[in-house]
Amino acid sequence: MKTATLCVQAGTQRDPIFAGVNTPLHTSSSFDFPNDQNVSYYPRYFNTPNHIAVAQKMAELENAEAALITSSGMAAISSALLGVLKSGDHAIFQSVIYGGTHRFLDAVLPRFGITYSFTTGFDVSDFAKLIQKNTRLIYVETPSNPLLDIVDVAAIAELAKSRQLISMIDNTFATPINQRPLDLGFDIVVHSGTKYLGGHSDLCCGVIATSQKKAEQILPFLQDMGSSLDVHALALLERSLKTLSLRVRQHNTNALQVAQFLATHSKIKNVFYPGLETHPGYAIAKKQMVGFGGMLSYEMKNNGPTMSEFFSRLKIIRPASSLGGVESLICQPSKTSHAEVPPEERIKMGILDTLFRLSVGIEDVDDLIEDLKGAI
Ligand SMILES: *Cc1c(COP(=O)(O)O)cnc(C)c1O
């Protein structure tokens with residue numbers, strides 16, 4: 001089945017008695033022991049019917065053997081990392097990654113005796129030269145937040161395989177509609193489901209998609225940390241995923257048009273969108289992505305309006321944190337997603353105070369362009 005069909009059909013746990021078309025909401029935290037066994041269903045074990053429904057849908061969408069649905073993106077990222085790494089291991093991380101992930105590495109990994117290096121660039125050679133004797137894992141995020149940098153997924157997977165390293169990717173910005181890293185050789189995909197998977201800015205959740213073997217390695221860690229997703233949120237996530245393909249295709253179309261508009265505007269200095277031929281990652285993005293996604297960022301020239309003037313003039317696009325919802329949102333990454341990264345490191349990453357990040361929603365694109373035009 002194609003992805004649009006999987007979004008709608010995959011994983012549904014139908015109720016045989018009433019035969020409704022949807023997975024029913026199983027609100028029990030206690031279930032009878034099945035077949036005289038002492039192993040039961042329990043929400044924190046990730047095994048209730050609502051967990052199974054969403055996990056199966058996500059596994060099929062990512063073409064994974066297994067998926068685990070967590071209570072946030074950070075729960076997925078932290079548990080996947082700690083589930084496969086141990087004291088004495090070394091890991092390699094892409095330099096520009098989600099601010100929360102960066103913070104987690106600095107705050108937590110040293111306490112568990114895990115060392116790590118950041119790449120300086122995005123080329124496979126930048127990763128290769130950091131490999132040490134005790135390196136166990138390579139971690140990438142592409143397109144990355146907030147500059148939409150692109151890493152060659154197949155090349156990194158090949159490098160990891162040749163050196164017997166685990167490869168892990170944050171696929172939040174692309175979603176499985178635009179990019180399927182396991183098909184390109186990656187071992188573990190993680191998501192902040194809070195973004196496109198939930199898609200309506202009303203959920204906080206995460207996903208890990210991987211092989212059965214790796215899922216079994218990570219699951220006990222997730223159970224011990226207690227980061228499973230509540231059943232009501234699971235039901236909302238399952239519902240959201242049914243329109244994922246439809247939504248993402250509209251995000252792709254709208255973002256490309258907005259990027260093209262901004263790129264020709266006299267008051268805009270730089271536009272970062274992997275679907276523009278001027279973007280350094282364009283060729284690789286074209287090779288590994290179905291669409292270029294709904295995220296873009298741009299720098300305004302100095303003769304434009306101030307940040308607060310600009311924000312107050314917008315009528316549709318809301319200045320707000322987070323991304324990936326049906327509504328368009330704008331923010332200043334240096335004050336939001338990367339506020340906790342030390343300023344000197346942030347500047348090295350290219351995240352200046354003049355940078356805006358736009359999460360292009362699924363409104364009529366003409367209205368979005370008018371809104372931007374008026375505010376600029
Ligand atoms: C938001 C985000 C995360 C963290 O997810 P939460 O659901 O907020 O825990 C991780 N990676 C990326 C790329 C994100 O945008």
# chains A, B, ... in the order shown; residues from 1 in each chain; ligands from 1
$ residues_near_ligand --ligand "ligand 1" --cutoff "10 Å" --atoms "only C-alpha atoms and all ligand atoms" --output "mmCIF file with N, CA, C and O atoms, in the first residue's frame"
data_model
loop_
_atom_site.group_PDB
_atom_site.id
_atom_site.type_symbol
_atom_site.label_atom_id
_atom_site.label_comp_id
_atom_site.auth_asym_id
_atom_site.auth_seq_id
_atom_site.Cartn_x
_atom_site.Cartn_y
_atom_site.Cartn_z
ATOM 1 N N THR A 70 5.657 7.439 22.379
ATOM 2 C CA THR A 70 6.085 7.983 23.677
ATOM 3 C C THR A 70 5.350 9.287 24.017
ATOM 4 O O THR A 70 4.652 9.852 23.172
ATOM 5 N N SER A 71 5.555 9.741 25.248
ATOM 6 C CA SER A 71 4.811 10.896 25.744
ATOM 7 C C SER A 71 5.357 12.242 25.268
ATOM 8 O O SER A 71 4.762 13.272 25.545
ATOM 9 N N SER A 72 6.477 12.258 24.578
ATOM 10 C CA SER A 72 6.990 13.480 23.947
ATOM 11 C C SER A 72 8.092 13.099 22.974
ATOM 12 O O SER A 72 8.579 11.955 22.997
ATOM 13 N N GLY A 73 8.493 14.053 22.150
ATOM 14 C CA GLY A 73 9.618 13.811 21.260
ATOM 15 C C GLY A 73 10.897 13.588 22.045
ATOM 16 O O GLY A 73 11.698 12.707 21.725
ATOM 17 N N MET A 74 11.088 14.388 23.111
ATOM 18 C CA MET A 74 12.296 14.235 23.918
ATOM 19 C C MET A 74 12.327 12.883 24.630
ATOM 20 O O MET A 74 13.407 12.329 24.846
ATOM 21 N N ALA A 75 11.163 12.345 25.006
ATOM 22 C CA ALA A 75 11.125 11.005 25.612
ATOM 23 C C ALA A 75 11.623 9.983 24.597
ATOM 24 O O ALA A 75 12.387 9.065 24.938
ATOM 25 N N ALA A 76 11.216 10.146 23.338
ATOM 26 C CA ALA A 76 11.652 9.217 22.288
ATOM 27 C C ALA A 76 13.163 9.342 22.065
ATOM 28 O O ALA A 76 13.887 8.339 22.014
ATOM 29 N N ILE A 77 13.648 10.577 21.959
ATOM 30 C CA ILE A 77 15.071 10.810 21.665
ATOM 31 C C ILE A 77 15.951 10.350 22.831
ATOM 32 O O ILE A 77 16.925 9.604 22.636
ATOM 33 N N SER A 78 15.587 10.774 24.053
ATOM 34 C CA SER A 78 16.432 10.429 25.207
ATOM 35 C C SER A 78 16.436 8.926 25.450
ATOM 36 O O SER A 78 17.491 8.330 25.676
ATOM 37 N N ILE A 97 21.322 20.705 15.616
ATOM 38 C CA ILE A 97 20.182 19.837 15.912
ATOM 39 C C ILE A 97 19.212 20.593 16.814
ATOM 40 O O ILE A 97 19.534 21.670 17.307
ATOM 41 N N TYR A 98 18.064 20.014 17.023
ATOM 42 C CA TYR A 98 17.038 20.614 17.884
ATOM 43 C C TYR A 98 17.662 21.031 19.224
ATOM 44 O O TYR A 98 18.415 20.247 19.828
ATOM 45 N N GLY A 99 17.340 22.235 19.688
ATOM 46 C CA GLY A 99 17.941 22.782 20.902
ATOM 47 C C GLY A 99 17.764 21.893 22.126
ATOM 48 O O GLY A 99 18.682 21.751 22.939
ATOM 49 N N GLY A 100 16.599 21.285 22.260
ATOM 50 C CA GLY A 100 16.331 20.403 23.406
ATOM 51 C C GLY A 100 17.207 19.161 23.387
ATOM 52 O O GLY A 100 17.652 18.679 24.438
ATOM 53 N N THR A 101 17.471 18.650 22.191
ATOM 54 C CA THR A 101 18.341 17.475 22.059
ATOM 55 C C THR A 101 19.765 17.859 22.470
ATOM 56 O O THR A 101 20.434 17.141 23.210
ATOM 57 N N HIS A 102 20.203 19.015 21.986
ATOM 58 C CA HIS A 102 21.532 19.534 22.321
ATOM 59 C C HIS A 102 21.679 19.660 23.837
ATOM 60 O O HIS A 102 22.669 19.234 24.436
ATOM 61 N N GLU A 141 19.901 14.984 11.924
ATOM 62 C CA GLU A 141 18.559 15.581 11.875
ATOM 63 C C GLU A 141 18.483 16.320 10.550
ATOM 64 O O GLU A 141 19.163 17.329 10.359
ATOM 65 N N THR A 142 17.665 15.823 9.625
ATOM 66 C CA THR A 142 17.605 16.448 8.303
ATOM 67 C C THR A 142 16.201 16.375 7.726
ATOM 68 O O THR A 142 15.605 15.297 7.769
ATOM 69 N N PRO A 143 15.615 17.475 7.246
ATOM 70 C CA PRO A 143 16.130 18.831 7.339
ATOM 71 C C PRO A 143 16.225 19.255 8.803
ATOM 72 O O PRO A 143 15.418 18.833 9.613
ATOM 73 N N SER A 144 17.205 20.106 9.097
ATOM 74 C CA SER A 144 17.447 20.433 10.498
ATOM 75 C C SER A 144 16.770 21.735 10.888
ATOM 76 O O SER A 144 16.383 22.547 10.049
ATOM 77 N N ASN A 145 16.660 21.899 12.171
ATOM 78 C CA ASN A 145 16.009 23.038 12.783
ATOM 79 C C ASN A 145 17.077 24.031 13.245
ATOM 80 O O ASN A 145 17.945 23.629 14.007
ATOM 81 N N PRO A 146 17.032 25.281 12.859
ATOM 82 C CA PRO A 146 16.027 25.965 12.036
ATOM 83 C C PRO A 146 16.514 26.320 10.627
ATOM 84 O O PRO A 146 15.766 26.946 9.899
ATOM 85 N N ILE A 169 18.187 8.919 13.338
ATOM 86 C CA ILE A 169 17.806 10.166 12.669
ATOM 87 C C ILE A 169 16.537 10.743 13.280
ATOM 88 O O ILE A 169 15.585 10.013 13.558
ATOM 89 N N ASP A 170 16.533 12.051 13.482
ATOM 90 C CA ASP A 170 15.332 12.786 13.871
ATOM 91 C C ASP A 170 14.620 13.170 12.575
ATOM 92 O O ASP A 170 15.082 14.026 11.825
ATOM 93 N N ASN A 171 13.470 12.528 12.324
ATOM 94 C CA ASN A 171 12.746 12.713 11.059
ATOM 95 C C ASN A 171 11.536 13.635 11.222
ATOM 96 O O ASN A 171 10.617 13.606 10.412
ATOM 97 N N THR A 172 11.555 14.443 12.282
ATOM 98 C CA THR A 172 10.399 15.296 12.614
ATOM 99 C C THR A 172 10.013 16.236 11.480
ATOM 100 O O THR A 172 8.841 16.331 11.125
ATOM 101 N N PHE A 173 11.000 16.941 10.908
ATOM 102 C CA PHE A 173 10.677 17.948 9.890
ATOM 103 C C PHE A 173 10.174 17.312 8.592
ATOM 104 O O PHE A 173 9.340 17.886 7.916
ATOM 105 N N ALA A 174 10.690 16.151 8.247
ATOM 106 C CA ALA A 174 10.323 15.543 6.960
ATOM 107 C C ALA A 174 9.006 14.776 7.053
ATOM 108 O O ALA A 174 8.196 14.815 6.130
ATOM 109 N N VAL A 190 13.557 8.676 14.985
ATOM 110 C CA VAL A 190 12.810 9.271 16.098
ATOM 111 C C VAL A 190 12.037 10.490 15.589
ATOM 112 O O VAL A 190 12.418 11.106 14.593
ATOM 113 N N HIS A 191 10.931 10.779 16.271
ATOM 114 C CA HIS A 191 10.071 11.897 15.896
ATOM 115 C C HIS A 191 9.614 12.654 17.115
ATOM 116 O O HIS A 191 9.308 12.038 18.143
ATOM 117 N N SER A 192 9.459 13.960 16.965
ATOM 118 C CA SER A 192 8.577 14.681 17.852
ATOM 119 C C SER A 192 7.216 14.634 17.177
ATOM 120 O O SER A 192 6.969 15.354 16.199
ATOM 121 N N GLY A 193 6.321 13.807 17.688
ATOM 122 C CA GLY A 193 4.966 13.694 17.124
ATOM 123 C C GLY A 193 4.121 14.911 17.442
ATOM 124 O O GLY A 193 3.032 15.094 16.897
ATOM 125 N N THR A 194 4.650 15.751 18.334
ATOM 126 C CA THR A 194 4.009 17.015 18.698
ATOM 127 C C THR A 194 3.844 17.909 17.467
ATOM 128 O O THR A 194 2.993 18.790 17.451
ATOM 129 N N LYS A 195 4.668 17.684 16.455
ATOM 130 C CA LYS A 195 4.692 18.559 15.293
ATOM 131 C C LYS A 195 3.745 18.042 14.200
ATOM 132 O O LYS A 195 2.560 18.059 14.388
ATOM 133 N N TYR A 196 4.258 17.555 13.070
ATOM 134 C CA TYR A 196 3.379 17.191 11.953
ATOM 135 C C TYR A 196 2.500 15.969 12.225
ATOM 136 O O TYR A 196 1.397 15.880 11.719
ATOM 137 N N GLY A 198 1.018 14.873 14.987
ATOM 138 C CA GLY A 198 -0.181 15.378 15.673
ATOM 139 C C GLY A 198 -0.877 16.410 14.790
ATOM 140 O O GLY A 198 -2.075 16.329 14.547
ATOM 141 N N LEU A 203 -1.303 18.283 20.801
ATOM 142 C CA LEU A 203 -0.787 17.018 21.325
ATOM 143 C C LEU A 203 0.696 17.141 21.634
ATOM 144 O O LEU A 203 1.402 17.886 20.953
ATOM 145 N N CYS A 204 1.161 16.390 22.618
ATOM 146 C CA CYS A 204 2.591 16.255 22.853
ATOM 147 C C CYS A 204 2.896 14.763 22.855
ATOM 148 O O CYS A 204 2.342 14.009 23.667
ATOM 149 N N CYS A 205 3.724 14.317 21.911
ATOM 150 C CA CYS A 205 3.989 12.878 21.791
ATOM 151 C C CYS A 205 5.256 12.649 20.963
ATOM 152 O O CYS A 205 5.782 13.578 20.354
ATOM 153 N N GLY A 206 5.727 11.417 20.973
ATOM 154 C CA GLY A 206 6.934 11.084 20.214
ATOM 155 C C GLY A 206 6.855 9.677 19.660
ATOM 156 O O GLY A 206 5.987 8.891 20.061
ATOM 157 N N VAL A 207 7.760 9.376 18.726
ATOM 158 C CA VAL A 207 7.769 8.060 18.076
ATOM 159 C C VAL A 207 9.210 7.572 17.923
ATOM 160 O O VAL A 207 10.108 8.368 17.631
ATOM 161 N N SER A 321 5.568 29.588 19.492
ATOM 162 C CA SER A 321 6.578 28.531 19.453
ATOM 163 C C SER A 321 5.995 27.290 18.784
ATOM 164 O O SER A 321 4.821 27.251 18.441
ATOM 165 N N SER A 322 6.835 26.292 18.617
ATOM 166 C CA SER A 322 6.473 25.005 18.019
ATOM 167 C C SER A 322 6.156 25.148 16.531
ATOM 168 O O SER A 322 6.309 26.226 15.946
ATOM 169 N N LEU A 323 5.741 24.057 15.916
ATOM 170 C CA LEU A 323 5.635 24.008 14.460
ATOM 171 C C LEU A 323 4.834 22.775 14.038
ATOM 172 O O LEU A 323 4.493 21.930 14.861
ATOM 173 N N GLY A 324 4.563 22.715 12.741
ATOM 174 C CA GLY A 324 3.985 21.487 12.181
ATOM 175 C C GLY A 324 2.481 21.373 12.272
ATOM 176 O O GLY A 324 1.915 20.366 11.869
ATOM 177 N N SER A 337 13.503 27.973 20.206
ATOM 178 C CA SER A 337 14.049 26.608 20.167
ATOM 179 C C SER A 337 15.517 26.536 20.562
ATOM 180 O O SER A 337 15.976 25.524 21.085
#
$ residues_around --residues "Ile317 (chain A)" --least-positions-apart "4" --cutoff "12 Å" --atoms "only C-alpha atoms" --output "number ranges by chain"
A: 310-313, 321, 323, 325-331, 357-365, 367-375
$ write_last_selection --atoms "C-alpha atoms" --output "PDB file, in the first residue's frame"
ATOM      1  CA  PHE A 310       6.741  42.833  12.063  1.00  0.00           C
ATOM      2  CA  PHE A 311       4.985  40.453  14.464  1.00  0.00           C
ATOM      3  CA  SER A 312       2.274  42.984  15.369  1.00  0.00           C
ATOM      4  CA  ARG A 313       1.416  43.587  11.693  1.00  0.00           C
ATOM      5  CA  SER A 321       6.578  28.531  19.453  1.00  0.00           C
ATOM      6  CA  LEU A 323       5.635  24.008  14.460  1.00  0.00           C
ATOM      7  CA  GLY A 325       0.347  22.376  12.841  1.00  0.00           C
ATOM      8  CA  VAL A 326      -2.304  23.228  10.253  1.00  0.00           C
ATOM      9  CA  GLU A 327      -1.961  26.924  11.189  1.00  0.00           C
ATOM     10  CA  SER A 328       1.037  29.050  10.151  1.00  0.00           C
ATOM     11  CA  LEU A 329       3.388  30.040  12.974  1.00  0.00           C
ATOM     12  CA  ILE A 330       6.459  32.230  13.073  1.00  0.00           C
ATOM     13  CA  CYS A 331       9.223  32.554  15.643  1.00  0.00           C
ATOM     14  CA  ARG A 357      11.529  30.539  11.261  1.00  0.00           C
ATOM     15  CA  LEU A 358       8.211  30.013   9.539  1.00  0.00           C
ATOM     16  CA  SER A 359       6.050  26.917   9.905  1.00  0.00           C
ATOM     17  CA  VAL A 360       3.873  27.217   6.820  1.00  0.00           C
ATOM     18  CA  GLY A 361       0.362  25.945   7.490  1.00  0.00           C
ATOM     19  CA  ILE A 362      -2.313  24.627   5.160  1.00  0.00           C
ATOM     20  CA  GLU A 363      -4.278  27.882   4.800  1.00  0.00           C
ATOM     21  CA  ASP A 364      -4.764  29.326   1.309  1.00  0.00           C
ATOM     22  CA  VAL A 365      -1.253  30.271   0.258  1.00  0.00           C
ATOM     23  CA  ASP A 367      -3.582  34.733   2.104  1.00  0.00           C
ATOM     24  CA  LEU A 368      -0.239  33.771   3.673  1.00  0.00           C
ATOM     25  CA  ILE A 369       1.763  35.638   1.038  1.00  0.00           C
ATOM     26  CA  GLU A 370      -0.472  38.720   1.408  1.00  0.00           C
ATOM     27  CA  ASP A 371       0.022  38.593   5.179  1.00  0.00           C
ATOM     28  CA  LEU A 372       3.816  38.453   4.849  1.00  0.00           C
ATOM     29  CA  LYS A 373       3.875  41.132   2.153  1.00  0.00           C
ATOM     30  CA  GLY A 374       1.860  43.515   4.348  1.00  0.00           C
ATOM     31  CA  ALA A 375       3.985  42.941   7.458  1.00  0.00           C
TER      32      ALA A 375
END
$ residues_around --residues "region 43-53 of chain A" --least-positions-apart "5" --cutoff "6 Å" --atoms "only C-alpha atoms" --output "list in words"
Gly11, Thr12, Gln13, Gln223 and Ser228 of chain A
$ atom_distance --atom1 "CA of Phe31 (chain A)" --atom2 "CA of Ala67 (chain A)"
22.4 Å
$ residues_around --residues "Phe93 (chain A)" --least-positions-apart "2" --cutoff "8 Å" --atoms "only C-alpha atoms" --output "PyMOL selection string"
chain A and resi 91+95+116-119+138-140
$ write_last_selection --atoms "N, CA, C and O atoms" --output "PDB file, in the first residue's frame"
ATOM      1  N   ALA A  91      29.531   8.882  20.872  1.00  0.00           N
ATOM      2  CA  ALA A  91      28.556   9.086  19.790  1.00  0.00           C
ATOM      3  C   ALA A  91      28.882  10.359  19.027  1.00  0.00           C
ATOM      4  O   ALA A  91      29.485  11.281  19.575  1.00  0.00           O
ATOM      5  N   SER A  95      26.078  18.930  14.028  1.00  0.00           N
ATOM      6  CA  SER A  95      26.290  20.165  14.796  1.00  0.00           C
ATOM      7  C   SER A  95      24.988  20.908  15.052  1.00  0.00           C
ATOM      8  O   SER A  95      24.738  21.375  16.152  1.00  0.00           O
ATOM      9  N   TYR A 116      30.750  12.390  23.497  1.00  0.00           N
ATOM     10  CA  TYR A 116      30.196  12.677  22.173  1.00  0.00           C
ATOM     11  C   TYR A 116      30.955  13.810  21.516  1.00  0.00           C
ATOM     12  O   TYR A 116      31.603  14.619  22.181  1.00  0.00           O
ATOM     13  N   SER A 117      30.853  13.856  20.190  1.00  0.00           N
ATOM     14  CA  SER A 117      31.461  14.926  19.400  1.00  0.00           C
ATOM     15  C   SER A 117      30.401  15.504  18.478  1.00  0.00           C
ATOM     16  O   SER A 117      29.514  14.774  18.028  1.00  0.00           O
ATOM     17  N   PHE A 118      30.553  16.808  18.177  1.00  0.00           N
ATOM     18  CA  PHE A 118      29.697  17.447  17.183  1.00  0.00           C
ATOM     19  C   PHE A 118      30.479  17.639  15.899  1.00  0.00           C
ATOM     20  O   PHE A 118      31.640  18.047  15.937  1.00  0.00           O
ATOM     21  N   THR A 119      29.810  17.401  14.767  1.00  0.00           N
ATOM     22  CA  THR A 119      30.463  17.654  13.493  1.00  0.00           C
ATOM     23  C   THR A 119      30.548  19.163  13.277  1.00  0.00           C
ATOM     24  O   THR A 119      29.784  19.919  13.870  1.00  0.00           O
ATOM     25  N   ILE A 138      25.891   7.242  15.246  1.00  0.00           N
ATOM     26  CA  ILE A 138      25.867   8.515  14.512  1.00  0.00           C
ATOM     27  C   ILE A 138      24.431   9.028  14.510  1.00  0.00           C
ATOM     28  O   ILE A 138      23.495   8.267  14.246  1.00  0.00           O
ATOM     29  N   TYR A 139      24.269  10.317  14.821  1.00  0.00           N
ATOM     30  CA  TYR A 139      22.932  10.904  14.937  1.00  0.00           C
ATOM     31  C   TYR A 139      22.819  12.107  14.013  1.00  0.00           C
ATOM     32  O   TYR A 139      23.653  13.007  14.056  1.00  0.00           O
ATOM     33  N   VAL A 140      21.767  12.120  13.193  1.00  0.00           N
ATOM     34  CA  VAL A 140      21.538  13.267  12.307  1.00  0.00           C
ATOM     35  C   VAL A 140      20.091  13.772  12.427  1.00  0.00           C
ATOM     36  O   VAL A 140      19.216  13.076  12.952  1.00  0.00           O
TER      37      VAL A 140
END
$ select_by_dssp --residues "region 293-363 of chain A" --states "helix (DSSP H, G or I)" --output "list in words"
Met307, Ser308, Glu309, Phe310, Phe311, Ser312, Arg313, Pro333, Ser334, Lys335, Pro343, Glu344, Glu345, Arg346, Ile347 and Lys348 of chain A
$ closest_residue --among "A:Arg249, A:Arg136, A:Arg239, A:His338" --to "Gly88 (chain A)" --atoms "only C-alpha atoms"
A:Arg136
$ closest_residue --among "A:Ser211, A:Leu6, A:Gln132, A:Ala320" --to "Thr243 (chain A)" --atoms "only C-alpha atoms"
A:Leu6
$ residues_around --residues "Ser245 (chain A)" --least-positions-apart "6" --cutoff "7 Å" --atoms "only C-alpha atoms" --output "JSON, numbers by chain"
{"A": [4, 7, 177]}
$ write_last_selection --atoms "all heavy atoms" --output "compact mmCIF listing (two decimals), in the first residue's frame"
# COMPACT_ATOMS: atom_id res chain seq x y z
N ALA A 4 -0.42 7.22 1.52
CA ALA A 4 -1.72 7.86 1.81
C ALA A 4 -2.73 6.81 2.29
O ALA A 4 -3.56 7.08 3.17
CB ALA A 4 -2.24 8.58 0.57
N CYS A 7 -1.79 5.75 5.90
CA CYS A 7 -2.23 6.76 6.88
C CYS A 7 -3.65 6.46 7.33
O CYS A 7 -3.96 6.51 8.52
CB CYS A 7 -2.21 8.16 6.26
SG CYS A 7 -0.56 8.85 6.11
N ILE A 177 6.07 10.91 5.18
CA ILE A 177 5.47 11.22 3.87
C ILE A 177 6.56 11.75 2.93
O ILE A 177 6.60 11.42 1.75
CB ILE A 177 4.33 12.27 4.00
CG1 ILE A 177 3.29 11.80 5.03
CG2 ILE A 177 3.70 12.58 2.65
CD1 ILE A 177 2.67 10.44 4.77
$ residues_around --residues "Leu165 (chain A)" --least-positions-apart "3" --cutoff "12 Å" --atoms "only C-alpha atoms" --output "ChimeraX atom specification"
/A:84-85,89-92,127-128,131-139,156-162,168,185-188
$ write_last_selection --atoms "N, CA, C and O atoms" --output "short mmCIF file (atom, residue, chain, number, x, y, z; two decimals), in the first residue's frame"
data_model
loop_
_atom_site.label_atom_id
_atom_site.label_comp_id
_atom_site.auth_asym_id
_atom_site.auth_seq_id
_atom_site.Cartn_x
_atom_site.Cartn_y
_atom_site.Cartn_z
N VAL A 84 20.31 2.40 23.71
CA VAL A 84 21.31 1.70 22.90
C VAL A 84 22.76 2.04 23.28
O VAL A 84 23.68 1.33 22.87
N LEU A 85 22.96 3.13 24.05
CA LEU A 85 24.33 3.50 24.45
C LEU A 85 24.60 3.06 25.89
O LEU A 85 23.67 2.92 26.69
N ASP A 89 30.81 4.44 25.90
CA ASP A 89 30.56 4.64 24.47
C ASP A 89 30.78 6.09 24.07
O ASP A 89 30.66 7.00 24.89
N HIS A 90 31.01 6.27 22.77
CA HIS A 90 31.14 7.60 22.18
C HIS A 90 30.12 7.70 21.04
O HIS A 90 29.84 6.71 20.36
N ALA A 91 29.53 8.88 20.87
CA ALA A 91 28.56 9.09 19.79
C ALA A 91 28.88 10.36 19.03
O ALA A 91 29.49 11.28 19.57
N ILE A 92 28.47 10.40 17.75
CA ILE A 92 28.72 11.58 16.91
C ILE A 92 27.38 12.23 16.55
O ILE A 92 26.47 11.54 16.07
N PHE A 127 31.50 13.56 9.38
CA PHE A 127 31.14 12.55 10.38
C PHE A 127 32.25 11.50 10.47
O PHE A 127 32.66 11.11 11.56
N ALA A 128 32.73 11.07 9.31
CA ALA A 128 33.72 9.98 9.26
C ALA A 128 34.97 10.32 10.05
O ALA A 128 35.52 9.47 10.76
N ILE A 131 35.09 9.54 13.94
CA ILE A 131 34.91 8.18 14.46
C ILE A 131 36.14 7.78 15.29
O ILE A 131 37.28 7.95 14.85
N GLN A 132 35.85 7.30 16.51
CA GLN A 132 36.92 6.82 17.39
C GLN A 132 36.75 5.31 17.59
O GLN A 132 35.79 4.73 17.13
N LYS A 133 37.68 4.74 18.36
CA LYS A 133 37.62 3.30 18.63
C LYS A 133 36.33 2.90 19.34
O LYS A 133 35.77 1.84 19.08
N ASN A 134 35.85 3.78 20.25
CA ASN A 134 34.67 3.43 21.04
C ASN A 134 33.38 4.07 20.52
O ASN A 134 32.38 4.11 21.22
N THR A 135 33.41 4.62 19.29
CA THR A 135 32.19 5.21 18.72
C THR A 135 31.17 4.12 18.45
O THR A 135 31.50 3.07 17.90
N ARG A 136 29.92 4.41 18.87
CA ARG A 136 28.85 3.42 18.72
C ARG A 136 27.71 3.92 17.85
O ARG A 136 26.93 3.13 17.34
N LEU A 137 27.60 5.24 17.72
CA LEU A 137 26.37 5.77 17.12
C LEU A 137 26.61 7.08 16.37
O LEU A 137 27.43 7.90 16.79
N ILE A 138 25.89 7.24 15.25
CA ILE A 138 25.87 8.52 14.51
C ILE A 138 24.43 9.03 14.51
O ILE A 138 23.49 8.27 14.25
N TYR A 139 24.27 10.32 14.82
CA TYR A 139 22.93 10.90 14.94
C TYR A 139 22.82 12.11 14.01
O TYR A 139 23.65 13.01 14.06
N ILE A 156 25.28 8.55 4.99
CA ILE A 156 25.54 8.37 6.43
C ILE A 156 25.22 6.92 6.82
O ILE A 156 25.97 6.29 7.59
N ALA A 157 24.14 6.38 6.29
CA ALA A 157 23.76 4.99 6.60
C ALA A 157 24.86 4.03 6.15
O ALA A 157 25.21 3.08 6.86
N GLU A 158 25.41 4.32 4.97
CA GLU A 158 26.47 3.46 4.43
C GLU A 158 27.73 3.54 5.30
O GLU A 158 28.34 2.52 5.62
N LEU A 159 28.08 4.76 5.71
CA LEU A 159 29.24 4.95 6.59
C LEU A 159 29.03 4.17 7.89
O LEU A 159 29.93 3.45 8.34
N ALA A 160 27.85 4.34 8.49
CA ALA A 160 27.57 3.67 9.76
C ALA A 160 27.67 2.15 9.60
O ALA A 160 28.28 1.47 10.43
N LYS A 161 27.10 1.63 8.52
CA LYS A 161 27.13 0.17 8.29
C LYS A 161 28.56 -0.33 8.14
O LYS A 161 28.93 -1.34 8.72
N SER A 162 29.36 0.43 7.37
CA SER A 162 30.72 -0.03 7.09
C SER A 162 31.59 -0.04 8.35
O SER A 162 32.57 -0.75 8.43
N MET A 168 21.06 6.88 13.79
CA MET A 168 19.78 7.36 14.31
C MET A 168 19.46 8.71 13.68
O MET A 168 20.35 9.53 13.49
N GLY A 185 18.56 2.89 4.69
CA GLY A 185 19.59 2.17 5.43
C GLY A 185 19.78 2.58 6.88
O GLY A 185 20.65 2.04 7.57
N PHE A 186 18.98 3.54 7.38
CA PHE A 186 19.12 3.94 8.79
C PHE A 186 18.57 2.87 9.72
O PHE A 186 17.72 2.07 9.35
N ASP A 187 19.07 2.88 10.98
CA ASP A 187 18.63 1.88 11.97
C ASP A 187 17.45 2.36 12.82
O ASP A 187 16.57 1.57 13.14
N ILE A 188 17.49 3.62 13.24
CA ILE A 188 16.47 4.10 14.18
C ILE A 188 15.98 5.48 13.73
O ILE A 188 16.77 6.38 13.46
#
